[in-house]
Amino acid sequence: MGRLTLRFDAKSLAIAGAVALLLLFGAFPIILLVVKSFTAEGRVTLENFIRVYGNEANMRSVLDTCKVAGLTMIVSVLISFPLAWLVGRSDLPLKGLFRTLIVTPYMIPPFVGAIAWTYLANPRIGYLNRIFQSLFGTEQAPFNIYSMGGLVWVFVLFYFPFSFLAVSRALEKMDPSLEEAARISGAGTWRVLRDVTIPLMTPALVAGALLVFVAVASAFGVPAIIGGPAQLHVVTTQIINYVYIGTPEALRESTALATVLLAMAMTVLWFSNWYVSRREYFTVGGKSTRPSTVELGKWRWPLAILFGAVCFVFAVLPIGALVMTSFIKSMGQPIGGSNWSLDTWKTVLEDRETWKTLKVSLITAVSTATVATLVGLLIAYLKVKTRIRFRAVPDFLATFTNATPGIVVALGLIIAFSGGYGLNLYGTIWILIVAYFVHHLSFAVRTSGAALEQMHPSLEEAALSSGAGWLRVFKDITIPLVAPSLIGGWFLVFMPSFYELTMSVLLFSTRTRPSGVFLYDLQSYADPQSAAVLSVLILTLVLVGNGLMKWATRGRVGI
């Protein structure tokens, strides 16, 4: 019977350290949260679930979560497929510009988008309502963002790119010979679309739709900003309410809500992976063929105008609302004339709290992105470049913690690292870094893994055979060769960490309040005009960051 040999070389220690970090800060808190949800006063029980789901408000929040996520999912699929098909398969004019604009909401923090739409469709002073009322002389405002319809609308605008990108990539990979065979047989454009393209796209449509469902069900910022004033509460906002009560009983009950949210997300994602793995028959399989372009004929420019209008509503209108609001004195006054001012910008830029929160966000985002990039590279190296048993487990854990709703991750970290298990991070900047690291690590793993798979092993083998140690090879050969992907992964972790809200709202303290929480407080309780200025600042940094990422990676990573 063979013996297990322990190795203490640089490679083994580095990889073991990366895996240990993921187990300690990723797996342990989530497992602990699930265990806590089934215990009360030291015994295993369903008491927490019975108490929580015996409450009508909690049951209503679960139903509203499913309703909002379901409606968003359906509408997102209905609009994402035709838009993706137009930019991917037709001779639509200005396709490059339209594609950039249509995925712009993907780069806008959703809660910033929600703030923008409160300026546009507030039932009393929203810009769109005031324009409509002045044009048609009506007193009744036609739009009310503080409603179920308003909540779904905002979710669709800022989460449909998940579905759009999934369908776009599937269209790029699909074997075009199947459509061409149908055309040769005499089928028209719409017949080919109905009988060939859509059935072949079904796995991608399902995967994109379910991804939208999970993202919406896990969101906090949008339902807090839009649903709060409308008295529409979802599971995430209910969890926040329980945690803010602060009692041990309320914390246990919040774990029951979080466990169900986790189970919902995992079930949906498992079904998505299972369904796609069984029906992934639409790829080209390595052939370098390009699908033929469908000519739109007389519909070419009308569809371009319609597409442009969609881009305007989805991307230009909310950004314009943020910028305009940041330059006016009062939203209740007529736009223009004496109502234009730089005073709000001056107030925000001179406020020490603005720079303090931006500094916290910058420190946490840079720290998170740097650690995640290094750990992600080691985990990807373990999976791609070694033959160790169970080498894919850390990669799975990184994917699992990314798929886990952020609010569940944050709640697990509170339970695990508030001193009860020997380590107290709660109220410090470290718990923010840990939360962002755990939740966004998968981005770094994916980009690093893709680059390592393309790197030929002979380069490392030549260096090793020349006498260089693994650490030297890793530093001088591996990292330089995958550097563009590492930079892309760094930015992919940095940007969501910089503006993160869902986890931060549970984990921040007065000394470690990040800009996302500060913005949420300004919008909800203090000064919407100042919130608009901070929104523009954050949005500018995010868009510049995405541009830098595309430039640094030569366009290989980014939207």
# chains A, B, ... in the order shown; residues from 1 in each chain; ligands from 1
$ select_by_dssp --residues "range 113-281 of chain A" --states "alpha helix (DSSP H)" --output "ChimeraX atom specification"
/A:113-121,127-136,148-173,177-184,189-192,198-218,221-222,235-245,248-279
$ select_by_dssp --residues "range 264-443 of chain A" --states "strand (DSSP E or B)" --output "PyMOL selection string"
chain A and resi 283+294+328+340+418+424
$ residues_around --residues "Leu432 in chain A" --least-positions-apart "2" --cutoff "8 Å" --atoms "only C-alpha atoms" --output "ChimeraX atom specification"
/A:364,428-430,434-436,503-504,507-508
$ residues_around --residues "range 301-306 of chain A" --least-positions-apart "2" --cutoff "7 Å" --atoms "only C-alpha atoms" --output "short mmCIF file (atom, residue, chain, number, x, y, z; two decimals) with N, CA, C and O atoms, in the first residue's frame"
data_model
loop_
_atom_site.label_atom_id
_atom_site.label_comp_id
_atom_site.auth_asym_id
_atom_site.auth_seq_id
_atom_site.Cartn_x
_atom_site.Cartn_y
_atom_site.Cartn_z
N LEU A 92 -27.13 45.19 -40.62
CA LEU A 92 -27.57 46.40 -39.93
C LEU A 92 -26.45 47.44 -39.95
O LEU A 92 -25.30 47.12 -39.63
N PRO A 93 -26.75 48.70 -40.30
CA PRO A 93 -25.71 49.74 -40.28
C PRO A 93 -25.25 50.03 -38.85
O PRO A 93 -26.00 49.83 -37.88
N TRP A 299 -35.88 46.98 -44.73
CA TRP A 299 -35.98 47.14 -43.27
C TRP A 299 -34.66 47.57 -42.66
O TRP A 299 -34.57 47.77 -41.44
N GLY A 308 -31.27 52.18 -32.64
CA GLY A 308 -30.70 53.40 -32.05
C GLY A 308 -31.56 53.95 -30.92
O GLY A 308 -31.04 54.42 -29.91
N ALA A 309 -32.89 53.87 -31.10
CA ALA A 309 -33.79 54.34 -30.05
C ALA A 309 -33.66 53.48 -28.79
O ALA A 309 -33.67 53.99 -27.67
N VAL A 310 -33.53 52.16 -29.00
CA VAL A 310 -33.34 51.27 -27.85
C VAL A 310 -32.04 51.61 -27.13
O VAL A 310 -32.01 51.68 -25.89
#
$ closest_residue --among "A:Ile414, A:Val44, A:Leu317, A:Ile125" --to "Ile30 in chain A" --atoms "only C-alpha atoms"
A:Ile414
$ residues_around --residues "range 152-160 of chain A" --least-positions-apart "5" --cutoff "10 Å" --atoms "only C-alpha atoms" --output "PyMOL selection string"
chain A and resi 67-80+102-118+145+147+165+208-209+211-213+215-216+219+222-223+226-227+313-315
$ closest_atom_pairs --of "range 477-524 of chain A" --to "range 534-553 of chain A" --cutoff "8 Å" --atoms "only C-alpha atoms" --output "JSON lines"
{"residue": "A:Pro484", "atom": "CA", "partner": "A:Thr553", "partner_atom": "CA", "distance": 4.8}
{"residue": "A:Ser485", "atom": "CA", "partner": "A:Thr553", "partner_atom": "CA", "distance": 6.6}
{"residue": "A:Ile487", "atom": "CA", "partner": "A:Thr553", "partner_atom": "CA", "distance": 6.9}
{"residue": "A:Gly488", "atom": "CA", "partner": "A:Met549", "partner_atom": "CA", "distance": 5.7}
{"residue": "A:Phe491", "atom": "CA", "partner": "A:Met549", "partner_atom": "CA", "distance": 6.2}
{"residue": "A:Met495", "atom": "CA", "partner": "A:Val542", "partner_atom": "CA", "distance": 6.2}
{"residue": "A:Tyr499", "atom": "CA", "partner": "A:Ile538", "partner_atom": "CA", "distance": 7.2}
{"residue": "A:Leu519", "atom": "CA", "partner": "A:Leu534", "partner_atom": "CA", "distance": 6.6}
$ closest_residue --among "A:Leu262, A:Ala187, A:Val316, A:Met201" --to "Val409 in chain A" --atoms "only C-alpha atoms"
A:Leu262
$ closest_residue --among "A:Leu492, A:Ala166, A:Leu135, A:Val348" --to "Phe81 in chain A" --atoms "only C-alpha atoms"
A:Ala166
$ closest_residue --among "A:Leu501, A:Val445, A:Ala204, A:Leu413" --to "Ile31 in chain A" --atoms "only C-alpha atoms"
A:Leu413
$ closest_residue --among "A:Lys11, A:Leu377, A:Leu411, A:Leu24" --to "Leu423 in chain A" --atoms "only C-alpha atoms"
A:Leu24
$ residues_around --residues "Asn241 in chain A" --least-positions-apart "2" --cutoff "12 Å" --atoms "only C-alpha atoms" --output "number ranges by chain"
A: 57-58, 220, 224, 228, 233-239, 243-247, 250-251, 253-254, 257, 505-506
$ write_last_selection --atoms "N, CA, C and O atoms" --output "mmCIF file, in the first residue's frame"
data_model
loop_
_atom_site.group_PDB
_atom_site.id
_atom_site.type_symbol
_atom_site.label_atom_id
_atom_site.label_comp_id
_atom_site.auth_asym_id
_atom_site.auth_seq_id
_atom_site.Cartn_x
_atom_site.Cartn_y
_atom_site.Cartn_z
ATOM 1 N N ALA A 57 -44.914 38.530 5.808
ATOM 2 C CA ALA A 57 -44.063 39.481 5.081
ATOM 3 C C ALA A 57 -42.884 38.761 4.425
ATOM 4 O O ALA A 57 -42.494 39.091 3.299
ATOM 5 N N ASN A 58 -42.334 37.761 5.103
ATOM 6 C CA ASN A 58 -41.214 37.019 4.538
ATOM 7 C C ASN A 58 -41.648 36.163 3.349
ATOM 8 O O ASN A 58 -40.942 36.088 2.338
ATOM 9 N N PHE A 220 -29.387 43.597 -4.279
ATOM 10 C CA PHE A 220 -29.911 44.401 -3.164
ATOM 11 C C PHE A 220 -30.126 45.856 -3.555
ATOM 12 O O PHE A 220 -31.145 46.447 -3.230
ATOM 13 N N ALA A 224 -33.673 48.000 -3.141
ATOM 14 C CA ALA A 224 -33.654 48.922 -2.006
ATOM 15 C C ALA A 224 -34.005 50.337 -2.451
ATOM 16 O O ALA A 224 -34.759 51.047 -1.771
ATOM 17 N N GLY A 228 -38.027 49.968 -2.098
ATOM 18 C CA GLY A 228 -38.259 50.480 -0.744
ATOM 19 C C GLY A 228 -39.400 51.484 -0.665
ATOM 20 O O GLY A 228 -40.351 51.296 0.095
ATOM 21 N N HIS A 233 -40.694 44.469 -0.939
ATOM 22 C CA HIS A 233 -39.524 43.907 -0.277
ATOM 23 C C HIS A 233 -39.204 42.539 -0.866
ATOM 24 O O HIS A 233 -40.089 41.701 -1.039
ATOM 25 N N VAL A 234 -37.921 42.332 -1.162
ATOM 26 C CA VAL A 234 -37.459 41.043 -1.672
ATOM 27 C C VAL A 234 -36.613 40.377 -0.595
ATOM 28 O O VAL A 234 -36.402 40.924 0.484
ATOM 29 N N VAL A 235 -36.119 39.182 -0.887
ATOM 30 C CA VAL A 235 -35.398 38.418 0.130
ATOM 31 C C VAL A 235 -34.156 39.164 0.616
ATOM 32 O O VAL A 235 -33.872 39.192 1.821
ATOM 33 N N THR A 236 -33.424 39.788 -0.294
ATOM 34 C CA THR A 236 -32.189 40.468 0.115
ATOM 35 C C THR A 236 -32.475 41.629 1.065
ATOM 36 O O THR A 236 -31.755 41.817 2.054
ATOM 37 N N THR A 237 -33.501 42.408 0.784
ATOM 38 C CA THR A 237 -33.811 43.528 1.680
ATOM 39 C C THR A 237 -34.336 43.027 3.022
ATOM 40 O O THR A 237 -34.084 43.646 4.056
ATOM 41 N N GLN A 238 -35.053 41.899 3.026
ATOM 42 C CA GLN A 238 -35.512 41.319 4.285
ATOM 43 C C GLN A 238 -34.335 40.824 5.124
ATOM 44 O O GLN A 238 -34.328 40.972 6.354
ATOM 45 N N ILE A 239 -33.327 40.236 4.477
ATOM 46 C CA ILE A 239 -32.146 39.784 5.207
ATOM 47 C C ILE A 239 -31.453 40.978 5.869
ATOM 48 O O ILE A 239 -31.053 40.914 7.040
ATOM 49 N N VAL A 243 -30.711 41.539 9.914
ATOM 50 C CA VAL A 243 -29.360 41.753 10.453
ATOM 51 C C VAL A 243 -29.290 43.065 11.216
ATOM 52 O O VAL A 243 -28.652 43.152 12.279
ATOM 53 N N TYR A 244 -29.955 44.090 10.707
ATOM 54 C CA TYR A 244 -29.924 45.391 11.370
ATOM 55 C C TYR A 244 -30.662 45.389 12.707
ATOM 56 O O TYR A 244 -30.410 46.252 13.547
ATOM 57 N N ILE A 245 -31.559 44.432 12.925
ATOM 58 C CA ILE A 245 -32.211 44.313 14.239
ATOM 59 C C ILE A 245 -31.164 44.027 15.308
ATOM 60 O O ILE A 245 -31.220 44.552 16.425
ATOM 61 N N GLY A 246 -30.202 43.163 14.959
ATOM 62 C CA GLY A 246 -29.038 42.981 15.805
ATOM 63 C C GLY A 246 -29.129 41.948 16.904
ATOM 64 O O GLY A 246 -28.147 41.698 17.598
ATOM 65 N N THR A 247 -30.264 41.296 17.074
ATOM 66 C CA THR A 247 -30.400 40.293 18.128
ATOM 67 C C THR A 247 -29.945 38.924 17.611
ATOM 68 O O THR A 247 -29.979 38.669 16.405
ATOM 69 N N ALA A 250 -32.699 37.315 15.567
ATOM 70 C CA ALA A 250 -32.854 37.894 14.233
ATOM 71 C C ALA A 250 -31.741 37.423 13.304
ATOM 72 O O ALA A 250 -31.975 37.161 12.114
ATOM 73 N N LEU A 251 -30.530 37.283 13.840
ATOM 74 C CA LEU A 251 -29.419 36.805 13.018
ATOM 75 C C LEU A 251 -29.657 35.368 12.569
ATOM 76 O O LEU A 251 -29.392 35.019 11.409
ATOM 77 N N GLU A 253 -32.547 33.942 12.190
ATOM 78 C CA GLU A 253 -33.630 33.956 11.203
ATOM 79 C C GLU A 253 -33.140 34.474 9.851
ATOM 80 O O GLU A 253 -33.613 34.027 8.802
ATOM 81 N N SER A 254 -32.180 35.395 9.881
ATOM 82 C CA SER A 254 -31.622 35.871 8.611
ATOM 83 C C SER A 254 -30.889 34.742 7.897
ATOM 84 O O SER A 254 -30.878 34.685 6.660
ATOM 85 N N LEU A 257 -33.395 32.741 5.862
ATOM 86 C CA LEU A 257 -33.700 33.405 4.595
ATOM 87 C C LEU A 257 -32.535 33.253 3.611
ATOM 88 O O LEU A 257 -32.726 32.967 2.428
ATOM 89 N N VAL A 505 -22.942 46.818 2.455
ATOM 90 C CA VAL A 505 -23.951 47.403 3.329
ATOM 91 C C VAL A 505 -24.098 46.612 4.630
ATOM 92 O O VAL A 505 -24.581 47.138 5.636
ATOM 93 N N LEU A 506 -23.653 45.353 4.637
ATOM 94 C CA LEU A 506 -23.652 44.546 5.854
ATOM 95 C C LEU A 506 -22.318 44.598 6.587
ATOM 96 O O LEU A 506 -22.276 44.362 7.804
#
$ atom_distance --atom1 "CA of Ser524 in chain A" --atom2 "CA of Ser509 in chain A"
17.9 Å
